[in-house]
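A.B. asks: What follows is final_6.pdb, PDB, C-alpha atoms, pLDDT in the B column.
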```
ATOM      1  CA  MET A   1     208.527 247.959  37.908  1.00 35.00           C
ATOM      2  CA  ALA A   2     210.887 246.513  35.309  1.00 37.00           C
ATOM      3  CA  VAL A   3     209.886 243.670  33.038  1.00 39.00           C
ATOM      4  CA  PRO A   4     212.191 240.763  32.232  1.00 46.00           C
ATOM      5  CA  VAL A   5     213.810 242.384  29.224  1.00 45.00           C
ATOM      6  CA  ARG A   6     217.381 243.500  28.804  1.00 42.00           C
ATOM      7  CA  THR A   7     217.724 247.270  28.449  1.00 36.00           C
ATOM      8  CA  ARG A   8     221.290 247.957  27.312  1.00 39.00           C
ATOM      9  CA  PRO A   9     221.996 248.869  23.670  1.00 41.00           C
ATOM     10  CA  TRP A  10     223.356 246.214  21.345  1.00 41.00           C
ATOM     11  CA  THR A  11     226.856 246.544  19.915  1.00 42.00           C
ATOM     12  CA  SER A  12     227.469 245.356  16.368  1.00 41.00           C
ATOM     13  CA  ARG A  13     230.275 242.988  15.480  1.00 42.00           C
ATOM     14  CA  ARG A  14     232.231 246.043  14.329  1.00 39.00           C
ATOM     15  CA  GLY A  15     231.953 247.495  17.849  1.00 41.00           C
ATOM     16  CA  LEU A  16     229.551 250.302  16.940  1.00 38.00           C
ATOM     17  CA  SER A  17     226.872 250.954  19.509  1.00 36.00           C
ATOM     18  CA  LEU A  18     223.343 250.923  18.162  1.00 38.00           C
ATOM     19  CA  LEU A  19     220.209 252.451  19.566  1.00 35.00           C
ATOM     20  CA  ALA A  20     218.135 250.048  21.588  1.00 34.00           C
ATOM     21  CA  ALA A  21     215.513 249.422  18.927  1.00 35.00           C
ATOM     22  CA  GLY A  22     217.728 249.852  15.859  1.00 38.00           C
ATOM     23  CA  ALA A  23     217.073 252.001  12.838  1.00 35.00           C
ATOM     24  CA  PHE A  24     215.280 249.365  10.805  1.00 37.00           C
ATOM     25  CA  VAL A  25     212.292 248.788  13.068  1.00 38.00           C
ATOM     26  CA  ALA A  26     209.898 251.072  14.820  1.00 36.00           C
ATOM     27  CA  ALA A  27     210.684 250.739  18.494  1.00 35.00           C
ATOM     28  CA  PRO A  28     207.960 249.133  20.546  1.00 37.00           C
ATOM     29  CA  THR A  29     207.124 251.550  23.309  1.00 33.00           C
ATOM     30  CA  SER A  30     206.349 250.961  26.934  1.00 32.00           C
ATOM     31  CA  PHE A  31     204.594 247.641  27.286  1.00 36.00           C
ATOM     32  CA  GLY A  32     203.324 247.621  23.682  1.00 40.00           C
ATOM     33  CA  VAL A  33     205.102 244.370  22.867  1.00 44.00           C
ATOM     34  CA  TYR A  34     203.834 242.834  26.091  1.00 40.00           C
ATOM     35  CA  ALA A  35     200.301 243.901  25.263  1.00 40.00           C
ATOM     36  CA  ALA A  36     200.723 242.233  21.860  1.00 46.00           C
ATOM     37  CA  LEU A  37     202.063 239.183  23.642  1.00 47.00           C
ATOM     38  CA  GLY A  38     198.975 239.188  25.814  1.00 45.00           C
ATOM     39  CA  GLY A  39     200.987 239.355  28.986  1.00 44.00           C
ATOM     40  CA  GLY A  40     200.107 242.840  30.154  1.00 39.00           C
ATOM     41  CA  ALA A  41     202.895 243.959  32.451  1.00 34.00           C
ATOM     42  CA  PRO A  42     204.687 240.809  33.645  1.00 36.00           C
ATOM     43  CA  GLU A  43     206.551 240.791  36.915  1.00 38.00           C
ATOM     44  CA  GLY A  44     209.928 239.339  37.792  1.00 36.00           C
ATOM     45  CA  THR A  45     213.429 239.318  36.432  1.00 35.00           C
ATOM     46  CA  ALA A  46     215.222 237.793  33.462  1.00 38.00           C
ATOM     47  CA  ALA A  47     215.342 234.563  35.441  1.00 35.00           C
ATOM     48  CA  ALA A  48     211.540 234.457  35.594  1.00 38.00           C
ATOM     49  CA  ASP A  49     209.775 231.353  34.345  1.00 49.00           C
ATOM     50  CA  ALA A  50     208.766 231.695  30.676  1.00 39.00           C
ATOM     51  CA  GLU A  51     205.212 230.579  31.474  1.00 51.00           C
ATOM     52  CA  GLY A  52     204.938 233.315  34.131  1.00 73.00           C
ATOM     53  CA  SER A  53     206.003 235.986  31.621  1.00 84.00           C
ATOM     54  CA  PRO A  54     205.297 236.115  27.898  1.00 91.00           C
ATOM     55  CA  ALA A  55     209.034 236.435  27.223  1.00 92.00           C
ATOM     56  CA  ILE A  56     212.367 236.402  28.993  1.00 93.00           C
ATOM     57  CA  VAL A  57     215.857 237.283  27.816  1.00 94.00           C
ATOM     58  CA  GLU A  58     218.729 235.174  29.132  1.00 93.00           C
ATOM     59  CA  PRO A  59     222.440 235.759  28.551  1.00 93.00           C
ATOM     60  CA  ILE A  60     224.264 232.820  26.966  1.00 93.00           C
ATOM     61  CA  GLY A  61     227.316 232.363  29.148  1.00 92.00           C
ATOM     62  CA  LYS A  62     230.071 234.886  28.419  1.00 91.00           C
ATOM     63  CA  THR A  63     229.387 234.979  24.670  1.00 90.00           C
ATOM     64  CA  GLY A  64     227.690 238.374  24.731  1.00 88.00           C
ATOM     65  CA  LEU A  65     224.678 236.739  23.070  1.00 91.00           C
ATOM     66  CA  ASN A  66     221.196 236.339  24.490  1.00 94.00           C
ATOM     67  CA  ARG A  67     218.424 233.859  24.047  1.00 95.00           C
ATOM     68  CA  VAL A  68     214.850 235.071  23.880  1.00 96.00           C
ATOM     69  CA  VAL A  69     212.452 232.520  25.341  1.00 96.00           C
ATOM     70  CA  LEU A  70     208.741 232.918  24.619  1.00 95.00           C
ATOM     71  CA  ASN A  71     205.927 231.040  26.210  1.00 92.00           C
ATOM     72  CA  SER A  72     203.743 229.155  23.738  1.00 90.00           C
ATOM     73  CA  SER A  73     200.860 231.629  23.800  1.00 91.00           C
ATOM     74  CA  ALA A  74     203.218 234.558  23.120  1.00 91.00           C
ATOM     75  CA  ALA A  75     204.803 232.760  20.151  1.00 90.00           C
ATOM     76  CA  LYS A  76     201.354 232.017  18.780  1.00 91.00           C
ATOM     77  CA  ARG A  77     200.185 235.637  19.166  1.00 91.00           C
ATOM     78  CA  LEU A  78     203.356 236.932  17.484  1.00 92.00           C
ATOM     79  CA  ASP A  79     202.918 234.315  14.724  1.00 93.00           C
ATOM     80  CA  ILE A  80     206.625 233.417  14.773  1.00 95.00           C
ATOM     81  CA  ARG A  81     207.507 231.389  11.661  1.00 95.00           C
ATOM     82  CA  THR A  82     210.721 229.617  10.720  1.00 96.00           C
ATOM     83  CA  ALA A  83     212.334 227.910   7.738  1.00 97.00           C
ATOM     84  CA  PRO A  84     215.518 225.843   7.566  1.00 98.00           C
ATOM     85  CA  VAL A  85     218.843 226.986   6.164  1.00 98.00           C
ATOM     86  CA  SER A  86     219.179 224.949   2.989  1.00 97.00           C
ATOM     87  CA  ASN A  87     221.235 224.324  -0.128  1.00 96.00           C
ATOM     88  CA  ALA A  88     219.958 225.510  -3.489  1.00 95.00           C
ATOM     89  CA  VAL A  89     221.359 225.744  -6.966  1.00 94.00           C
ATOM     90  CA  VAL A  90     221.726 229.466  -7.646  1.00 93.00           C
ATOM     91  CA  ASN A  91     223.352 230.719 -10.853  1.00 92.00           C
ATOM     92  CA  GLY A  92     224.519 227.166 -11.581  1.00 93.00           C
ATOM     93  CA  GLU A  93     226.228 226.654  -8.192  1.00 94.00           C
ATOM     94  CA  ARG A  94     225.050 224.857  -5.062  1.00 96.00           C
ATOM     95  CA  ARG A  95     224.943 227.505  -2.310  1.00 97.00           C
ATOM     96  CA  ARG A  96     223.746 227.819   1.290  1.00 97.00           C
ATOM     97  CA  VAL A  97     220.584 229.955   1.337  1.00 98.00           C
ATOM     98  CA  VAL A  98     217.893 231.319   3.631  1.00 98.00           C
ATOM     99  CA  PRO A  99     214.609 232.947   2.678  1.00 97.00           C
ATOM    100  CA  TYR A 100     215.226 236.665   2.172  1.00 97.00           C
ATOM    101  CA  ALA A 101     212.523 237.273   4.820  1.00 97.00           C
ATOM    102  CA  ALA A 102     214.956 235.867   7.419  1.00 97.00           C
ATOM    103  CA  VAL A 103     217.562 238.592   6.763  1.00 97.00           C
ATOM    104  CA  LEU A 104     217.587 241.614   9.065  1.00 95.00           C
ATOM    105  CA  TYR A 105     219.736 244.720   8.673  1.00 92.00           C
ATOM    106  CA  ASP A 106     221.031 246.979  11.418  1.00 87.00           C
ATOM    107  CA  SER A 107     221.711 250.698  11.025  1.00 86.00           C
ATOM    108  CA  ASN A 108     225.268 249.968   9.805  1.00 91.00           C
ATOM    109  CA  GLY A 109     224.109 247.596   7.088  1.00 91.00           C
ATOM    110  CA  ASP A 110     225.318 244.514   8.975  1.00 93.00           C
ATOM    111  CA  THR A 111     223.118 241.472   8.430  1.00 96.00           C
ATOM    112  CA  TRP A 112     221.807 238.955  10.912  1.00 94.00           C
ATOM    113  CA  THR A 113     218.974 236.565  11.545  1.00 97.00           C
ATOM    114  CA  TYR A 114     217.323 234.895  14.501  1.00 97.00           C
ATOM    115  CA  THR A 115     217.813 231.151  14.774  1.00 98.00           C
ATOM    116  CA  SER A 116     215.597 228.800  16.728  1.00 97.00           C
ATOM    117  CA  PRO A 117     217.765 226.062  18.264  1.00 96.00           C
ATOM    118  CA  LYS A 118     214.714 224.558  19.948  1.00 95.00           C
ATOM    119  CA  PRO A 119     211.007 225.379  20.114  1.00 95.00           C
ATOM    120  CA  LEU A 120     210.187 228.795  21.637  1.00 96.00           C
ATOM    121  CA  VAL A 121     213.895 229.748  21.909  1.00 97.00           C
ATOM    122  CA  TYR A 122     215.461 232.360  19.597  1.00 97.00           C
ATOM    123  CA  VAL A 123     219.082 233.496  19.287  1.00 97.00           C
ATOM    124  CA  ARG A 124     220.448 236.328  17.121  1.00 95.00           C
ATOM    125  CA  HIS A 125     223.090 235.090  14.659  1.00 95.00           C
ATOM    126  CA  ASP A 126     225.373 237.235  12.471  1.00 95.00           C
ATOM    127  CA  ILE A 127     225.283 236.339   8.793  1.00 97.00           C
ATOM    128  CA  ARG A 128     227.031 237.546   5.649  1.00 97.00           C
ATOM    129  CA  VAL A 129     224.962 237.772   2.518  1.00 97.00           C
ATOM    130  CA  ALA A 130     226.893 237.187  -0.707  1.00 97.00           C
ATOM    131  CA  TYR A 131     223.928 238.302  -2.830  1.00 96.00           C
ATOM    132  CA  ILE A 132     220.162 238.189  -3.126  1.00 96.00           C
ATOM    133  CA  LYS A 133     218.507 236.110  -5.839  1.00 94.00           C
ATOM    134  CA  ALA A 134     214.703 236.417  -6.046  1.00 93.00           C
ATOM    135  CA  ASP A 135     213.382 235.506  -2.569  1.00 95.00           C
ATOM    136  CA  LEU A 136     216.627 233.823  -1.426  1.00 96.00           C
ATOM    137  CA  ALA A 137     219.621 235.270   0.374  1.00 97.00           C
ATOM    138  CA  VAL A 138     222.799 233.447  -0.641  1.00 97.00           C
ATOM    139  CA  LEU A 139     225.080 233.257   2.395  1.00 97.00           C
ATOM    140  CA  SER A 140     228.855 233.394   2.571  1.00 96.00           C
ATOM    141  CA  LEU A 141     228.665 233.020   6.382  1.00 96.00           C
ATOM    142  CA  GLY A 142     225.810 231.914   8.576  1.00 96.00           C
ATOM    143  CA  PRO A 143     224.089 229.105  10.442  1.00 97.00           C
ATOM    144  CA  HIS A 144     224.619 225.463   9.532  1.00 96.00           C
ATOM    145  CA  LEU A 145     222.371 223.656   7.077  1.00 97.00           C
ATOM    146  CA  GLY A 146     219.068 222.656   8.620  1.00 97.00           C
ATOM    147  CA  THR A 147     219.139 225.362  11.314  1.00 97.00           C
ATOM    148  CA  ALA A 148     215.723 226.966  11.725  1.00 98.00           C
ATOM    149  CA  VAL A 149     215.757 230.720  11.016  1.00 98.00           C
ATOM    150  CA  VAL A 150     212.931 233.118  11.815  1.00 97.00           C
ATOM    151  CA  THR A 151     211.104 234.351   8.705  1.00 97.00           C
ATOM    152  CA  ALA A 152     208.218 236.160  10.446  1.00 96.00           C
ATOM    153  CA  GLY A 153     208.290 237.856  13.843  1.00 94.00           C
ATOM    154  CA  ALA A 154     211.999 238.739  13.996  1.00 93.00           C
ATOM    155  CA  ALA A 155     211.359 242.468  14.485  1.00 90.00           C
ATOM    156  CA  GLU A 156     209.255 241.610  17.529  1.00 92.00           C
ATOM    157  CA  LEU A 157     212.044 239.396  18.879  1.00 94.00           C
ATOM    158  CA  TRP A 158     214.460 242.310  18.359  1.00 90.00           C
ATOM    159  CA  GLY A 159     212.098 244.558  20.321  1.00 90.00           C
ATOM    160  CA  ILE A 160     211.907 242.041  23.148  1.00 92.00           C
ATOM    161  CA  GLU A 161     215.667 241.540  23.237  1.00 90.00           C
ATOM    162  CA  TYR A 162     216.779 245.172  22.937  1.00 85.00           C
ATOM    163  CA  GLY A 163     213.750 247.411  23.182  1.00 75.00           C
ATOM    164  CA  GLY A 164     214.225 248.367  26.807  1.00 52.00           C
ATOM    165  CA  ILE A 165     210.537 247.848  27.478  1.00 47.00           C
ATOM    166  CA  GLU A 166     209.425 249.008  30.905  1.00 45.00           C
ATOM    167  CA  GLU A 167     206.060 249.446  32.537  1.00 40.00           C
ATOM    168  CA  ASP A 168     204.691 253.026  32.640  1.00 41.00           C
TER     169      ASP A 168
END
```
Represent the structure from my file as structure tokens, please.
C.D. replies:
Amino acid sequence: MAVPVRTRPWTSRRGLSLLAAGAFVAAPTSFGVYAALGGGAPEGTAAADAEGSPAIVEPIGKTGLNRVVLNSSAAKRLDIRTAPVSNAVVNGERRRVVPYAAVLYDSNGDTWTYTSPKPLVYVRHDIRVAYIKADLAVLSLGPHLGTAVVTAGAAELWGIEYGGIEED
């Protein structure tokens, strides 16, 4: 029985196909993520109610993007944490920054982060990092100021979105 998780590989913005779990994270296997979420082996499809499953993945129109929706107990168990995109004075200039913990790299070196447009909802967002200064990533392209970005739990969101998790 399939769980409500998308199983096709992700394609980077440069059009290169990546493995389902990416090279930067250890792939969650079988229902490992769901066990961590406390949901066991949920039933249903991607359209399942978030409270009936620990997580669902929904396509966002024809954008090619997905939203990962967690129920509140799953988000608590995964200890998802966020911080806002902000301005900071770095090297004497005011720049848009995110905590370096919010930056994720794919196997091609492309950078991205998960944003949280509303509670329990997470969307992958491409970013361009100009440089790293201490614990801040200075962005040349990324989410708007004030947007919440995931600083803890993003690898688990990646596994939910692209891990191809299925019940044994």
A.B. asks: Could you give me, as an MDAnalysis selection string, the residues that sit within 9 Å of (215.3, 240.9, 21.5) in the file's coordinates, counting all atoms listed in the file?
C.D. replies: chainID A and resid 5:6 21 57 66:68 122:124 154:163
A.B. asks: Could you please take those selected residues and save C-alpha atoms as a tab-separated table (two decimals), in the coordinates of the input?
C.D. replies:
```tsv
chain	number	residue	atom	x	y	z
A	5	VAL	CA	213.81	242.38	29.22
A	6	ARG	CA	217.38	243.50	28.80
A	21	ALA	CA	215.51	249.42	18.93
A	57	VAL	CA	215.86	237.28	27.82
A	66	ASN	CA	221.20	236.34	24.49
A	67	ARG	CA	218.42	233.86	24.05
A	68	VAL	CA	214.85	235.07	23.88
A	122	TYR	CA	215.46	232.36	19.60
A	123	VAL	CA	219.08	233.50	19.29
A	124	ARG	CA	220.45	236.33	17.12
A	154	ALA	CA	212.00	238.74	14.00
A	155	ALA	CA	211.36	242.47	14.48
A	156	GLU	CA	209.26	241.61	17.53
A	157	LEU	CA	212.04	239.40	18.88
A	158	TRP	CA	214.46	242.31	18.36
A	159	GLY	CA	212.10	244.56	20.32
A	160	ILE	CA	211.91	242.04	23.15
A	161	GLU	CA	215.67	241.54	23.24
A	162	TYR	CA	216.78	245.17	22.94
A	163	GLY	CA	213.75	247.41	23.18
```
A.B. asks: When you draw a straight line from CA of Arg81 (chain A) to CA of Arg128 (chain A), how long is it in Å?
C.D. replies: 21.3 Å
A.B. asks: Once the PyMOL selection byres ((chain A and resi 108-113) around 6) has been applied to the shown file, what residues remain in the selection, as a PyMOL selection string?
C.D. replies: chain A and resi 102-107+114+124-127
A.B. asks: Dig up all the protein and nucleic acid residues within 9 Å of (210.8, 227.1, 26.3) in the file frame, using all atoms listed in the file, and format them as number ranges by chain.
C.D. replies: A: 50-51, 69-72, 118-121
A.B. asks: Please measure the separation of CA of Gly146 (chain A) and CA of Gly92 (chain A), giving the value in Å to one decimal.
C.D. replies: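 Calculated distance between CA of Gly146 (chain A) and CA of Gly92 (chain A) is 21.4 Å.
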A.B. asks: Looking at A:Ser53, A:Ser116, A:Thr147, A:Thr63, which one is nearest to Asn87 (chain A), with distances taken over only C-alpha atoms?
C.D. replies: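 Under the stated criterion, the closest residue is A:Thr147.
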A.B. asks: What separation in Å, quoted to one decimal, exists between CA of Leu136 (chain A) and CA of Lys76 (chain A)?
C.D. replies: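 Interatomic distance, CA of Leu136 (chain A) to CA of Lys76 (chain A): 25.4 Å.
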A.B. asks: Please evaluate the PyMOL selection byres ((chain A and resi 130-135) around 12) against the displayed coordinates and give the resulting residues as a VMD selection string.
C.D. replies: chain A and resid 88 to 91 95 to 103 111 127 to 129 136 to 142 151
A.B. asks: Could you write out the selected residues, including C-alpha atoms, as a PDB file, in the coordinates of the input?
C.D. replies:
```
ATOM      1  CA  ALA A  88     219.958 225.510  -3.489  1.00 95.00           C
ATOM      2  CA  VAL A  89     221.359 225.744  -6.966  1.00 94.00           C
ATOM      3  CA  VAL A  90     221.726 229.466  -7.646  1.00 93.00           C
ATOM      4  CA  ASN A  91     223.352 230.719 -10.853  1.00 92.00           C
ATOM      5  CA  ARG A  95     224.943 227.505  -2.310  1.00 97.00           C
ATOM      6  CA  ARG A  96     223.746 227.819   1.290  1.00 97.00           C
ATOM      7  CA  VAL A  97     220.584 229.955   1.337  1.00 98.00           C
ATOM      8  CA  VAL A  98     217.893 231.319   3.631  1.00 98.00           C
ATOM      9  CA  PRO A  99     214.609 232.947   2.678  1.00 97.00           C
ATOM     10  CA  TYR A 100     215.226 236.665   2.172  1.00 97.00           C
ATOM     11  CA  ALA A 101     212.523 237.273   4.820  1.00 97.00           C
ATOM     12  CA  ALA A 102     214.956 235.867   7.419  1.00 97.00           C
ATOM     13  CA  VAL A 103     217.562 238.592   6.763  1.00 97.00           C
ATOM     14  CA  THR A 111     223.118 241.472   8.430  1.00 96.00           C
ATOM     15  CA  ILE A 127     225.283 236.339   8.793  1.00 97.00           C
ATOM     16  CA  ARG A 128     227.031 237.546   5.649  1.00 97.00           C
ATOM     17  CA  VAL A 129     224.962 237.772   2.518  1.00 97.00           C
ATOM     18  CA  LEU A 136     216.627 233.823  -1.426  1.00 96.00           C
ATOM     19  CA  ALA A 137     219.621 235.270   0.374  1.00 97.00           C
ATOM     20  CA  VAL A 138     222.799 233.447  -0.641  1.00 97.00           C
ATOM     21  CA  LEU A 139     225.080 233.257   2.395  1.00 97.00           C
ATOM     22  CA  SER A 140     228.855 233.394   2.571  1.00 96.00           C
ATOM     23  CA  LEU A 141     228.665 233.020   6.382  1.00 96.00           C
ATOM     24  CA  GLY A 142     225.810 231.914   8.576  1.00 96.00           C
ATOM     25  CA  THR A 151     211.104 234.351   8.705  1.00 97.00           C
TER      26      THR A 151
END
```
A.B. asks: Can you tell me which residues surround Ile80 (chain A) at a distance of at most 7 Å, considering only C-alpha atoms, apart from same-chain residues fewer than 3 positions away, and format the answer as a ChimeraX atom specification?
C.D. replies: /A:75-76,150,152-153
A.B. asks: With only C-alpha atoms as the atoms that count, which of A:Glu93, A:Ser86, A:Arg77, A:Gly52 lies nearest to Val149 (chain A)?
C.D. replies: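 Ranked by minimum distance to Val149 (chain A), first place goes to A:Ser86.
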